[in-house]
file input-v3.txt (compact mmCIF, C-alpha atoms)
# COMPACT_ATOMS: atom_id res chain seq x y z
CA MET R 1 -168.54 134.02 17.87
CA ASN R 2 -166.90 131.51 15.55
CA THR R 3 -163.24 130.77 16.15
CA PRO R 4 -161.39 133.31 13.99
CA THR R 5 -159.04 132.16 11.28
CA PRO R 6 -155.53 132.51 12.76
CA LEU R 7 -153.83 135.74 11.76
CA LEU R 8 -150.19 134.89 11.04
CA ASP R 9 -147.16 137.15 11.00
CA ARG R 10 -144.48 136.85 8.32
CA ARG R 11 -142.83 134.00 10.21
CA GLY R 12 -146.05 132.04 10.52
CA ARG R 13 -146.79 132.89 14.16
CA PRO R 14 -150.41 133.46 15.21
CA LEU R 15 -151.58 136.33 17.40
CA ARG R 16 -152.85 134.70 20.61
CA ASP R 17 -151.76 136.90 23.53
CA LEU R 18 -152.09 140.60 24.30
CA ARG R 19 -150.25 142.15 27.23
CA ILE R 20 -151.72 145.44 28.38
CA SER R 21 -149.81 147.96 30.47
CA VAL R 22 -152.47 149.83 32.44
CA MET R 23 -149.98 151.97 34.40
CA ASP R 24 -146.49 153.24 33.58
CA ARG R 25 -145.78 154.11 37.23
CA CYS R 26 -144.49 151.71 39.87
CA ASN R 27 -144.10 151.87 43.64
CA PHE R 28 -140.74 150.02 43.40
CA ARG R 29 -137.48 151.08 41.76
CA CYS R 30 -136.05 147.68 40.85
CA THR R 31 -132.52 147.89 39.58
CA TYR R 32 -133.17 145.95 36.34
CA CYS R 33 -136.39 147.75 35.43
CA MET R 34 -136.85 151.26 36.91
CA PRO R 35 -133.65 152.26 38.70
CA ALA R 36 -134.08 155.24 41.03
CA SER R 37 -131.13 156.98 39.39
CA THR R 38 -133.31 157.45 36.31
CA TYR R 39 -136.85 157.33 37.67
CA GLY R 40 -136.48 159.80 40.53
CA GLU R 41 -139.01 162.10 42.13
CA ASP R 42 -138.86 164.54 39.21
CA TYR R 43 -139.42 161.92 36.48
CA ALA R 44 -142.42 162.83 34.30
CA PHE R 45 -144.78 159.86 34.12
CA LEU R 46 -147.98 159.89 32.06
CA ASP R 47 -150.95 161.80 33.38
CA ASN R 48 -154.46 160.32 33.41
CA ALA R 49 -155.45 161.89 30.10
CA GLN R 50 -152.44 160.37 28.34
CA ARG R 51 -153.27 156.82 29.40
CA LEU R 52 -155.84 154.75 27.58
CA ASP R 53 -159.12 154.71 29.49
CA PHE R 54 -161.08 151.52 30.10
CA ASN R 55 -163.34 152.10 27.09
CA GLU R 56 -160.33 152.38 24.82
CA ILE R 57 -158.63 149.30 26.28
CA GLU R 58 -161.85 147.31 25.84
CA ARG R 59 -162.18 148.44 22.22
CA VAL R 60 -158.66 147.23 21.43
CA CYS R 61 -159.24 143.90 23.18
CA ARG R 62 -162.52 143.27 21.35
CA GLN R 63 -160.84 143.74 17.99
CA ALA R 64 -157.83 141.70 19.08
CA ALA R 65 -160.18 138.85 20.04
CA ARG R 66 -161.63 138.95 16.52
CA LEU R 67 -158.08 138.41 15.23
CA GLY R 68 -157.46 135.37 17.43
CA VAL R 69 -156.35 136.74 20.79
CA SER R 70 -157.69 134.54 23.60
CA LYS R 71 -155.32 135.49 26.44
CA LEU R 72 -154.93 138.89 28.08
CA ARG R 73 -152.39 139.90 30.71
CA LEU R 74 -152.59 143.17 32.65
CA THR R 75 -149.18 144.59 33.50
CA GLY R 76 -147.42 147.84 34.37
CA GLY R 77 -145.42 149.46 35.77
CA GLU R 78 -147.45 148.25 38.71
CA PRO R 79 -151.02 147.54 37.53
CA LEU R 80 -152.49 147.57 41.05
CA LEU R 81 -151.81 151.32 41.15
CA ARG R 82 -154.52 151.80 38.51
CA PRO R 83 -157.79 152.78 40.22
CA GLY R 84 -160.83 150.61 39.49
CA LEU R 85 -158.92 147.69 38.04
CA PRO R 86 -161.57 145.06 38.96
CA THR R 87 -164.02 147.02 36.78
CA LEU R 88 -161.70 146.65 33.80
CA VAL R 89 -161.26 142.94 34.49
CA ALA R 90 -165.04 142.43 34.52
CA ARG R 91 -165.39 144.27 31.22
CA LEU R 92 -162.65 142.22 29.57
CA ARG R 93 -164.20 139.06 30.97
CA SER R 94 -167.33 139.77 28.92
CA ILE R 95 -165.48 139.72 25.59
CA GLU R 96 -166.35 136.68 23.53
CA GLY R 97 -163.24 134.69 22.65
CA ILE R 98 -161.21 135.77 25.70
CA ASP R 99 -160.77 132.69 27.88
CA ASP R 100 -157.79 133.66 30.04
CA ILE R 101 -157.09 136.92 31.91
CA ALA R 102 -153.95 137.22 34.04
CA LEU R 103 -152.17 139.96 35.95
CA THR R 104 -148.51 140.52 36.85
CA THR R 105 -147.76 142.49 40.02
CA ASN R 106 -145.00 143.14 42.53
CA GLY R 107 -147.52 142.00 45.14
CA VAL R 108 -147.19 144.79 47.68
CA LEU R 109 -150.84 145.88 47.22
CA LEU R 110 -152.20 142.41 46.54
CA ASP R 111 -153.62 141.69 49.98
CA ARG R 112 -156.09 144.58 49.53
CA GLN R 113 -157.22 143.72 46.01
CA ALA R 114 -156.97 139.95 45.46
CA ASP R 115 -160.55 139.12 46.46
CA ALA R 116 -162.07 141.87 44.28
CA LEU R 117 -159.98 140.84 41.28
CA ALA R 118 -160.97 137.18 41.66
CA ALA R 119 -164.65 138.16 41.97
CA ALA R 120 -164.36 140.25 38.79
CA GLY R 121 -163.15 137.23 36.82
CA LEU R 122 -159.36 137.40 36.86
CA ASP R 123 -158.07 133.87 36.24
CA ARG R 124 -154.56 134.02 37.67
CA ILE R 125 -151.95 136.18 39.36
CA THR R 126 -148.21 136.29 38.76
CA VAL R 127 -146.09 137.94 41.46
CA SER R 128 -142.54 139.12 40.74
CA LEU R 129 -140.36 138.06 43.68
CA ASP R 130 -136.59 137.72 43.27
CA THR R 131 -135.52 136.95 46.83
CA LEU R 132 -136.82 136.15 50.31
CA ASP R 133 -133.97 137.97 52.01
CA PRO R 134 -135.53 141.14 53.52
CA ILE R 135 -132.37 143.25 53.18
CA LEU R 136 -131.62 142.18 49.62
CA PHE R 137 -135.29 142.54 48.66
CA ARG R 138 -135.31 146.12 49.88
CA GLN R 139 -132.08 146.78 47.97
CA LEU R 140 -133.42 145.27 44.74
CA SER R 141 -136.67 147.24 45.02
CA GLY R 142 -134.78 150.51 45.32
CA GLY R 143 -135.38 150.81 49.05
CA ARG R 144 -139.16 150.74 48.64
CA GLY R 145 -140.21 147.14 49.19
CA ASP R 146 -141.07 144.94 52.16
CA VAL R 147 -140.85 141.24 51.35
CA HIS R 148 -143.15 140.35 54.23
CA LYS R 149 -145.89 142.52 52.71
CA VAL R 150 -145.47 140.72 49.38
CA LEU R 151 -145.65 137.30 51.05
CA GLN R 152 -148.80 138.41 52.84
CA GLY R 153 -150.32 139.37 49.49
CA ILE R 154 -149.41 135.99 48.00
CA GLU R 155 -151.05 134.22 50.91
CA VAL R 156 -154.27 136.20 50.49
CA ALA R 157 -154.23 135.51 46.73
CA ARG R 158 -153.81 131.77 47.34
CA HIS R 159 -157.20 131.73 49.03
CA ALA R 160 -159.00 134.25 46.80
CA GLY R 161 -160.34 131.67 44.36
CA PHE R 162 -158.39 132.39 41.19
CA ARG R 163 -159.20 129.66 38.70
CA ASP R 164 -155.57 129.06 37.75
CA GLY R 165 -153.95 130.08 41.01
CA VAL R 166 -150.79 132.01 41.75
CA LYS R 167 -147.36 131.95 40.11
CA ILE R 168 -144.09 133.53 41.19
CA ASN R 169 -141.58 134.93 38.69
CA ALA R 170 -137.99 135.25 39.91
CA VAL R 171 -135.30 136.91 37.78
CA VAL R 172 -131.95 135.41 38.75
CA GLN R 173 -128.67 137.34 38.50
CA ARG R 174 -125.33 135.72 39.24
CA GLY R 175 -123.61 137.13 42.28
CA LEU R 176 -126.69 139.13 43.28
CA ASN R 177 -129.58 136.84 44.21
CA ASP R 178 -128.75 133.42 42.76
CA ALA R 179 -127.55 132.14 46.17
CA GLY R 180 -131.14 132.48 47.41
CA ALA R 181 -132.78 130.50 44.61
CA LEU R 182 -133.06 127.31 46.64
CA ALA R 183 -134.65 129.21 49.53
CA LEU R 184 -137.40 130.34 47.15
CA VAL R 185 -137.94 126.76 46.01
CA GLU R 186 -138.11 125.48 49.57
CA HIS R 187 -140.57 128.21 50.61
CA PHE R 188 -143.10 127.54 47.85
CA ARG R 189 -142.81 123.76 47.54
CA GLY R 190 -146.05 122.12 48.60
CA THR R 191 -148.07 125.37 48.64
CA GLY R 192 -149.70 125.05 45.21
CA VAL R 193 -147.84 128.19 44.09
CA VAL R 194 -145.78 127.60 40.95
CA LEU R 195 -142.33 129.19 41.08
CA ARG R 196 -140.74 130.14 37.76
CA PHE R 197 -137.13 131.23 37.31
CA ILE R 198 -136.36 133.64 34.46
CA GLU R 199 -132.92 134.15 32.95
CA PHE R 200 -131.75 137.75 33.34
CA MET R 201 -132.59 139.56 30.07
CA ASP R 202 -131.24 142.62 28.28
CA VAL R 203 -134.60 144.41 28.28
CA GLY R 204 -134.55 148.18 27.83
CA ASN R 205 -131.41 150.29 28.08
CA ARG R 206 -130.82 150.84 31.80
CA ASN R 207 -130.34 147.51 33.56
CA ALA R 208 -126.57 147.12 32.98
CA TRP R 209 -127.11 143.69 31.46
CA SER R 210 -124.13 141.39 31.02
CA ALA R 211 -124.04 137.80 29.80
CA ASP R 212 -121.81 137.03 32.79
CA ALA R 213 -124.74 137.82 35.11
CA VAL R 214 -126.99 135.21 33.48
CA VAL R 215 -127.59 131.99 35.40
CA SER R 216 -128.82 129.51 32.82
CA SER R 217 -131.97 127.50 33.35
CA GLU R 218 -129.96 124.30 33.02
CA GLU R 219 -127.64 125.35 35.83
CA LEU R 220 -130.61 126.18 38.06
CA ARG R 221 -132.33 122.92 37.18
CA GLU R 222 -129.25 120.97 38.23
CA ARG R 223 -129.00 122.88 41.52
CA ILE R 224 -132.66 122.23 42.34
CA HIS R 225 -132.60 118.62 41.16
CA THR R 226 -129.71 117.87 43.53
CA HIS R 227 -131.89 118.81 46.51
CA TRP R 228 -135.34 117.84 45.24
CA PRO R 229 -135.39 115.46 42.25
CA LEU R 230 -137.32 116.78 39.25
CA GLN R 231 -139.16 115.16 36.37
CA ALA R 232 -139.90 116.96 33.11
CA LEU R 233 -143.51 117.74 32.23
CA PRO R 234 -144.95 118.31 28.74
CA PRO R 235 -146.06 121.83 27.72
CA ARG R 236 -149.73 122.56 28.29
CA HIS R 237 -150.11 124.52 25.05
CA PRO R 238 -148.06 125.59 22.00
CA GLY R 239 -145.85 128.58 22.67
CA GLU R 240 -145.63 128.07 26.43
CA VAL R 241 -142.52 129.98 27.51
CA ALA R 242 -141.71 128.00 30.65
CA THR R 243 -140.26 124.51 30.61
CA ARG R 244 -142.14 122.67 33.34
CA TYR R 245 -140.86 120.20 35.93
CA ARG R 246 -142.63 118.38 38.73
CA PHE R 247 -141.08 117.42 42.04
CA VAL R 248 -140.78 113.63 42.14
CA ASP R 249 -142.02 113.66 45.75
CA GLY R 250 -145.30 115.25 44.66
CA ALA R 251 -144.69 118.72 46.17
CA GLY R 252 -145.82 120.61 43.06
CA GLU R 253 -143.94 121.99 40.07
CA ILE R 254 -141.57 124.71 38.94
CA GLY R 255 -140.94 126.42 35.61
CA LEU R 256 -137.75 127.60 33.92
CA ILE R 257 -137.85 130.37 31.32
CA SER R 258 -134.72 130.17 29.16
CA SER R 259 -135.03 133.51 27.39
CA ILE R 260 -131.26 133.82 26.86
CA SER R 261 -129.90 130.28 26.58
CA LYS R 262 -132.79 128.88 24.51
CA PRO R 263 -134.67 131.74 22.81
CA PHE R 264 -138.28 130.99 21.94
CA CYS R 265 -138.96 133.66 19.30
CA GLY R 266 -140.20 131.00 16.89
CA ASP R 267 -143.22 130.33 19.11
CA CYS R 268 -143.90 133.90 20.26
CA THR R 269 -147.58 134.80 19.91
CA ARG R 270 -147.55 137.99 22.02
CA ALA R 271 -148.25 141.63 21.26
CA ARG R 272 -147.95 144.41 23.85
CA LEU R 273 -150.00 147.55 24.40
CA SER R 274 -148.46 150.41 26.37
CA SER R 275 -150.51 152.47 28.79
CA GLU R 276 -150.57 155.38 26.32
CA GLY R 277 -151.73 153.17 23.47
CA GLN R 278 -148.58 152.21 21.58
CA LEU R 279 -148.74 148.69 20.16
CA TYR R 280 -145.47 146.72 20.15
CA THR R 281 -144.83 143.34 18.55
CA CYS R 282 -141.72 142.45 20.58
CA LEU R 283 -140.45 142.93 24.13
CA PHE R 284 -137.25 144.30 22.57
CA ALA R 285 -138.96 146.67 20.13
CA GLU R 286 -137.63 150.13 19.32
CA HIS R 287 -140.83 151.55 17.82
CA GLY R 288 -144.57 151.00 18.25
CA THR R 289 -147.79 151.83 16.43
CA ASP R 290 -149.97 154.60 17.84
CA LEU R 291 -153.47 153.29 18.59
CA ARG R 292 -154.49 156.09 20.95
CA GLY R 293 -154.68 158.63 18.14
CA LEU R 294 -156.87 156.28 16.11
CA LEU R 295 -159.09 155.44 19.08
CA ARG R 296 -159.68 159.10 19.92
CA ALA R 297 -160.16 160.24 16.35
CA SER R 298 -162.84 157.75 15.37
CA GLU R 299 -165.41 155.27 16.67
CA ASP R 300 -164.77 153.13 13.59
CA ASP R 301 -163.80 149.71 14.92
CA ALA R 302 -163.27 148.43 11.38
CA ALA R 303 -160.34 150.83 11.01
CA LEU R 304 -158.91 149.69 14.36
CA HIS R 305 -159.30 146.07 13.30
CA ALA R 306 -157.48 146.77 10.04
CA VAL R 307 -154.56 148.46 11.79
CA LEU R 308 -154.14 145.61 14.27
CA ALA R 309 -154.25 143.06 11.48
CA GLY R 310 -151.78 145.02 9.38
CA VAL R 311 -149.26 145.43 12.19
CA TRP R 312 -149.28 141.73 13.07
CA SER R 313 -149.24 140.55 9.45
CA ALA R 314 -146.07 142.60 8.84
CA ARG R 315 -144.30 141.35 11.98
CA THR R 316 -140.85 139.77 11.59
CA ASP R 317 -139.40 140.23 15.12
CA ARG R 318 -136.98 137.65 16.51
CA TYR R 319 -134.57 139.67 18.61
CA SER R 320 -133.56 136.92 21.03
CA GLU R 321 -132.57 134.62 18.18
CA LEU R 322 -130.36 137.39 16.77
CA ARG R 323 -128.90 138.55 20.11
CA GLY R 324 -125.20 139.35 19.76
CA ARG R 325 -125.32 139.93 16.01
CA PRO R 326 -124.86 143.47 14.65
CA VAL R 327 -128.43 143.54 13.32
CA ALA R 328 -129.76 143.12 16.87
CA ALA R 329 -127.71 145.90 18.41
CA ALA R 330 -129.08 148.91 16.56
CA GLY R 331 -131.28 151.43 18.40
CA ARG R 332 -132.67 152.09 21.87
CA ARG R 333 -135.22 149.53 22.97
CA ILE R 334 -138.41 150.37 24.80
CA GLU R 335 -138.14 150.13 28.59
CA MET R 336 -139.72 147.13 30.34
CA HIS R 337 -141.78 149.19 32.78
CA TYR R 338 -143.45 150.86 29.79
CA ILE R 339 -144.87 147.67 28.26
CA GLY R 340 -144.58 145.10 31.04
CA GLY R 341 -142.51 141.93 30.98
call {"tool": "encode", "arguments": {"input": "input-v3.txt", "output": "structure tokens"}}
result
Amino acid sequence: MNTPTPLLDRRGRPLRDLRISVMDRCNFRCTYCMPASTYGEDYAFLDNAQRLDFNEIERVCRQAARLGVSKLRLTGGEPLLRPGLPTLVARLRSIEGIDDIALTTNGVLLDRQADALAAAGLDRITVSLDTLDPILFRQLSGGRGDVHKVLQGIEVARHAGFRDGVKINAVVQRGLNDAGALALVEHFRGTGVVLRFIEFMDVGNRNAWSADAVVSSEELRERIHTHWPLQALPPRHPGEVATRYRFVDGAGEIGLISSISKPFCGDCTRARLSSEGQLYTCLFAEHGTDLRGLLRASEDDAALHAVLAGVWSARTDRYSELRGRPVAAAGRRIEMHYIGG
């Protein structure tokens, strides 16, 4: 397949990345994503028939690749709850034009599935891990998580043969887990695992976000640099969300994602597909485009291609650049567990 002509949105941004939520459920109840007070035992999640099946996901990805998508990321909820996930990875791996497939997980089931995912062609794993403190970890996960189980999964994944290895994403909140940031750095230095700190974001409607709870990337960089001197690294590709730093002593690198203090909407090349087939063009979107109805009504891939192209071509989203202005405060945003991070 020839390299497709870049499809640009109305702000000149190409479509390069598609994030696919394969499961709206999660086995954690993290306070900033799926708090137990809302997502209790009686919460009605999607049933199997409501979720896109693997054929439907593959159809969307094939048409997205024709429009310039080269990177896929499987998310949730918790994607490792989706049965048969290595089969989906293998099918996506066969799509011409897709050269990077990643997965984001809370890691608690990773020790059982890492080898099969690597064998199926998954390129890299990102594990969400906000603290090493067992008591705080259990609190943050809504009383459902065991940090030792997650660390075990990371260790198995390190040796599973993923082409691009393992990353850790840590969301830092002032007064909650920021005191443990250096412990995370110390634990993963020298292991080949890249730790990335993410500024606490106002995603969804239920995480009680406050600007006072944000620890800026610059503040974290200074804290880390004081203990282990850092040197800036250039981005590996346009639109990379993390600012990269290497440890001067050669013990690897870290990343800082400045989603609040330095918004990167101008370089955003990502679309998101929910597990029931809604396509969103922004993490902070209020409305999506229904692809499931189209997929189930017709085998016409030309129509699917046209809808994808039309949605992206009309895109104007730049919520993070407008944060705090009246225009950015309008309706209820989609929840993070529904479309992944």
call {"tool": "residues_around", "arguments": {"input": "input-v3.txt", "residues": "Pro235 in chain R", "least_positions_apart": "6", "cutoff": "12 Å", "atoms": "all atoms listed in the file", "output": "ChimeraX atom specification"}}
result
/R:241-245,255-256
call {"tool": "closest_residue", "arguments": {"input": "input-v3.txt", "among": "R:Arg91, R:Gly145, R:Leu67, R:Val193", "to": "Arg124 in chain R", "atoms": "all atoms listed in the file"}}
result
R:Val193
call {"tool": "residues_around", "arguments": {"input": "input-v3.txt", "residues": "range 95-109 of chain R", "least_positions_apart": "2", "cutoff": "8 Å", "atoms": "all atoms listed in the file", "output": "PyMOL selection string"}}
result
chain R and resi 1+3+61-62+65-66+68-76+78-80+89+91-93+111-113+121-129+145-146+149-151+153-154
call {"tool": "residues_around", "arguments": {"input": "input-v3.txt", "residues": "range 304-311 of chain R", "least_positions_apart": "4", "cutoff": "10 Å", "atoms": "only C-alpha atoms", "output": "number ranges by chain"}}
result
R: 7-9, 15, 59-60, 62-67, 271, 279-281, 288-291, 294-295, 298-300, 315
call {"tool": "closest_residue", "arguments": {"input": "input-v3.txt", "among": "R:Ile57, R:Ile135, R:Ile254, R:Val214", "to": "Ala232 in chain R", "atoms": "all atoms listed in the file"}}
result
R:Ile254
call {"tool": "atom_distance", "arguments": {"input": "input-v3.txt", "atom1": "CA of Ile260 in chain R", "atom2": "CA of Thr316 in chain R"}}
result
19.0 Å
call {"tool": "closest_atom_pairs", "arguments": {"input": "input-v3.txt", "of": "range 230-302 of chain R", "to": "range 16-37 of chain R", "cutoff": "10 Å", "atoms": "only C-alpha atoms", "output": "Markdown table"}}
result
| residue | atom | partner | partner_atom | distance |
| --- | --- | --- | --- | --- |
| R:Gly239 | CA | R:Arg16 | CA | 9.5 |
| R:Cys268 | CA | R:Arg16 | CA | 9.0 |
| R:Thr269 | CA | R:Arg16 | CA | 5.3 |
| R:Arg270 | CA | R:Asp17 | CA | 4.6 |
| R:Ala271 | CA | R:Leu18 | CA | 5.0 |
| R:Arg272 | CA | R:Arg19 | CA | 4.7 |
| R:Leu273 | CA | R:Ile20 | CA | 4.8 |
| R:Ser274 | CA | R:Ser21 | CA | 5.0 |
| R:Ser275 | CA | R:Ser21 | CA | 4.9 |
| R:Glu276 | CA | R:Val22 | CA | 8.5 |
| R:Gly277 | CA | R:Ser21 | CA | 8.9 |
| R:Gln278 | CA | R:Ser21 | CA | 9.9 |
| R:Leu279 | CA | R:Ile20 | CA | 9.3 |
| R:Tyr280 | CA | R:Arg19 | CA | 9.7 |
| R:Thr281 | CA | R:Leu18 | CA | 9.7 |
call {"tool": "closest_residue", "arguments": {"input": "input-v3.txt", "among": "R:Leu233, R:Ala90, R:Leu81, R:Ala211", "to": "Phe54 in chain R", "atoms": "all atoms listed in the file"}}
result
R:Ala90
call {"tool": "closest_residue", "arguments": {"input": "input-v3.txt", "among": "R:Glu155, R:Glu286, R:Glu219, R:Asp212", "to": "Lys167 in chain R", "atoms": "all atoms listed in the file"}}
result
R:Glu155
call {"tool": "residues_near_point", "arguments": {"input": "input-v3.txt", "point": "(-139.5, 134.3, 38.6)", "cutoff": "8 Å", "atoms": "all atoms listed in the file", "output": "ChimeraX atom specification"}}
result
/R:128-130,168-172,195-198
call {"tool": "atom_distance", "arguments": {"input": "input-v3.txt", "atom1": "CA of Asp164 in chain R", "atom2": "CA of Gly12 in chain R"}}
result
29.0 Å
call {"tool": "closest_residue", "arguments": {"input": "input-v3.txt", "among": "R:Glu253, R:Asp42, R:Glu58, R:Asp178", "to": "Pro229 in chain R", "atoms": "all atoms listed in the file"}}
result
R:Glu253
call {"tool": "closest_residue", "arguments": {"input": "input-v3.txt", "among": "R:Arg296, R:Asp301, R:Asn177, R:Arg236", "to": "Arg51 in chain R", "atoms": "all atoms listed in the file"}}
result
R:Arg296
call {"tool": "decode", "arguments": {"input": "input-v3.txt", "residues": "range 49-58 of chain R", "atoms": "all heavy atoms", "output": "mmCIF file, in the first residue's frame"}}
result
data_model
loop_
_atom_site.group_PDB
_atom_site.id
_atom_site.type_symbol
_atom_site.label_atom_id
_atom_site.label_comp_id
_atom_site.auth_asym_id
_atom_site.auth_seq_id
_atom_site.Cartn_x
_atom_site.Cartn_y
_atom_site.Cartn_z
ATOM 1 N N ALA R 49 -23.013 -7.892 23.272
ATOM 2 C CA ALA R 49 -23.604 -7.514 21.994
ATOM 3 C C ALA R 49 -23.472 -6.019 21.710
ATOM 4 O O ALA R 49 -23.491 -5.593 20.549
ATOM 5 C CB ALA R 49 -25.077 -7.918 21.953
ATOM 6 N N GLN R 50 -23.343 -5.224 22.760
ATOM 7 C CA GLN R 50 -23.222 -3.776 22.572
ATOM 8 C C GLN R 50 -21.810 -3.356 22.193
ATOM 9 O O GLN R 50 -21.610 -2.300 21.594
ATOM 10 C CB GLN R 50 -23.642 -3.056 23.855
ATOM 11 C CG GLN R 50 -25.129 -3.167 24.171
ATOM 12 C CD GLN R 50 -25.452 -2.562 25.530
ATOM 13 O OE1 GLN R 50 -24.909 -2.967 26.560
ATOM 14 N NE2 GLN R 50 -26.341 -1.579 25.542
ATOM 15 N N ARG R 51 -20.833 -4.151 22.537
ATOM 16 C CA ARG R 51 -19.441 -3.828 22.208
ATOM 17 C C ARG R 51 -19.147 -4.193 20.754
ATOM 18 O O ARG R 51 -19.698 -5.150 20.219
ATOM 19 C CB ARG R 51 -18.463 -4.572 23.111
ATOM 20 C CG ARG R 51 -18.588 -4.244 24.572
ATOM 21 C CD ARG R 51 -17.461 -4.891 25.374
ATOM 22 N NE ARG R 51 -17.777 -4.813 26.789
ATOM 23 C CZ ARG R 51 -18.325 -5.796 27.483
ATOM 24 N NH1 ARG R 51 -18.566 -6.957 26.898
ATOM 25 N NH2 ARG R 51 -18.611 -5.629 28.755
ATOM 26 N N LEU R 52 -18.251 -3.461 20.143
ATOM 27 C CA LEU R 52 -17.772 -3.858 18.826
ATOM 28 C C LEU R 52 -17.080 -5.212 18.930
ATOM 29 O O LEU R 52 -16.314 -5.462 19.867
ATOM 30 C CB LEU R 52 -16.781 -2.835 18.276
ATOM 31 C CG LEU R 52 -17.298 -1.430 17.959
ATOM 32 C CD1 LEU R 52 -16.203 -0.618 17.282
ATOM 33 C CD2 LEU R 52 -18.559 -1.455 17.116
ATOM 34 N N ASP R 53 -17.343 -6.095 17.954
ATOM 35 C CA ASP R 53 -16.614 -7.352 17.938
ATOM 36 C C ASP R 53 -15.295 -7.153 17.191
ATOM 37 O O ASP R 53 -15.013 -6.074 16.658
ATOM 38 C CB ASP R 53 -17.464 -8.483 17.355
ATOM 39 C CG ASP R 53 -17.853 -8.268 15.890
ATOM 40 O OD1 ASP R 53 -17.114 -7.596 15.143
ATOM 41 O OD2 ASP R 53 -18.906 -8.804 15.483
ATOM 42 N N PHE R 54 -14.486 -8.195 17.131
ATOM 43 C CA PHE R 54 -13.157 -8.057 16.532
ATOM 44 C C PHE R 54 -13.245 -7.763 15.036
ATOM 45 O O PHE R 54 -12.404 -7.029 14.491
ATOM 46 C CB PHE R 54 -12.330 -9.313 16.786
ATOM 47 C CG PHE R 54 -11.889 -9.481 18.218
ATOM 48 C CD1 PHE R 54 -11.194 -10.626 18.613
ATOM 49 C CD2 PHE R 54 -12.139 -8.504 19.178
ATOM 50 C CE1 PHE R 54 -10.776 -10.791 19.933
ATOM 51 C CE2 PHE R 54 -11.732 -8.654 20.494
ATOM 52 C CZ PHE R 54 -11.046 -9.806 20.861
ATOM 53 N N ASN R 55 -14.229 -8.321 14.348
ATOM 54 C CA ASN R 55 -14.401 -8.022 12.929
ATOM 55 C C ASN R 55 -14.668 -6.542 12.714
ATOM 56 O O ASN R 55 -14.115 -5.916 11.796
ATOM 57 C CB ASN R 55 -15.564 -8.828 12.338
ATOM 58 C CG ASN R 55 -15.257 -10.300 12.214
ATOM 59 O OD1 ASN R 55 -14.100 -10.694 12.084
ATOM 60 N ND2 ASN R 55 -16.290 -11.141 12.252
ATOM 61 N N GLU R 56 -15.511 -5.982 13.557
ATOM 62 C CA GLU R 56 -15.862 -4.567 13.420
ATOM 63 C C GLU R 56 -14.682 -3.669 13.754
ATOM 64 O O GLU R 56 -14.433 -2.663 13.064
ATOM 65 C CB GLU R 56 -17.063 -4.266 14.318
ATOM 66 C CG GLU R 56 -18.343 -4.948 13.838
ATOM 67 C CD GLU R 56 -19.448 -5.004 14.882
ATOM 68 O OE1 GLU R 56 -19.151 -4.893 16.092
ATOM 69 O OE2 GLU R 56 -20.620 -5.147 14.492
ATOM 70 N N ILE R 57 -13.940 -4.003 14.794
ATOM 71 C CA ILE R 57 -12.751 -3.216 15.139
ATOM 72 C C ILE R 57 -11.738 -3.261 13.995
ATOM 73 O O ILE R 57 -11.156 -2.236 13.614
ATOM 74 C CB ILE R 57 -12.122 -3.739 16.443
ATOM 75 C CG1 ILE R 57 -13.046 -3.458 17.628
ATOM 76 C CG2 ILE R 57 -10.749 -3.100 16.682
ATOM 77 C CD1 ILE R 57 -12.613 -4.103 18.927
ATOM 78 N N GLU R 58 -11.545 -4.454 13.424
ATOM 79 C CA GLU R 58 -10.594 -4.580 12.313
ATOM 80 C C GLU R 58 -11.029 -3.766 11.109
ATOM 81 O O GLU R 58 -10.208 -3.109 10.451
ATOM 82 C CB GLU R 58 -10.434 -6.049 11.930
ATOM 83 C CG GLU R 58 -9.392 -6.257 10.831
ATOM 84 C CD GLU R 58 -9.231 -7.717 10.439
ATOM 85 O OE1 GLU R 58 -9.818 -8.603 11.114
ATOM 86 O OE2 GLU R 58 -8.513 -7.974 9.440
#
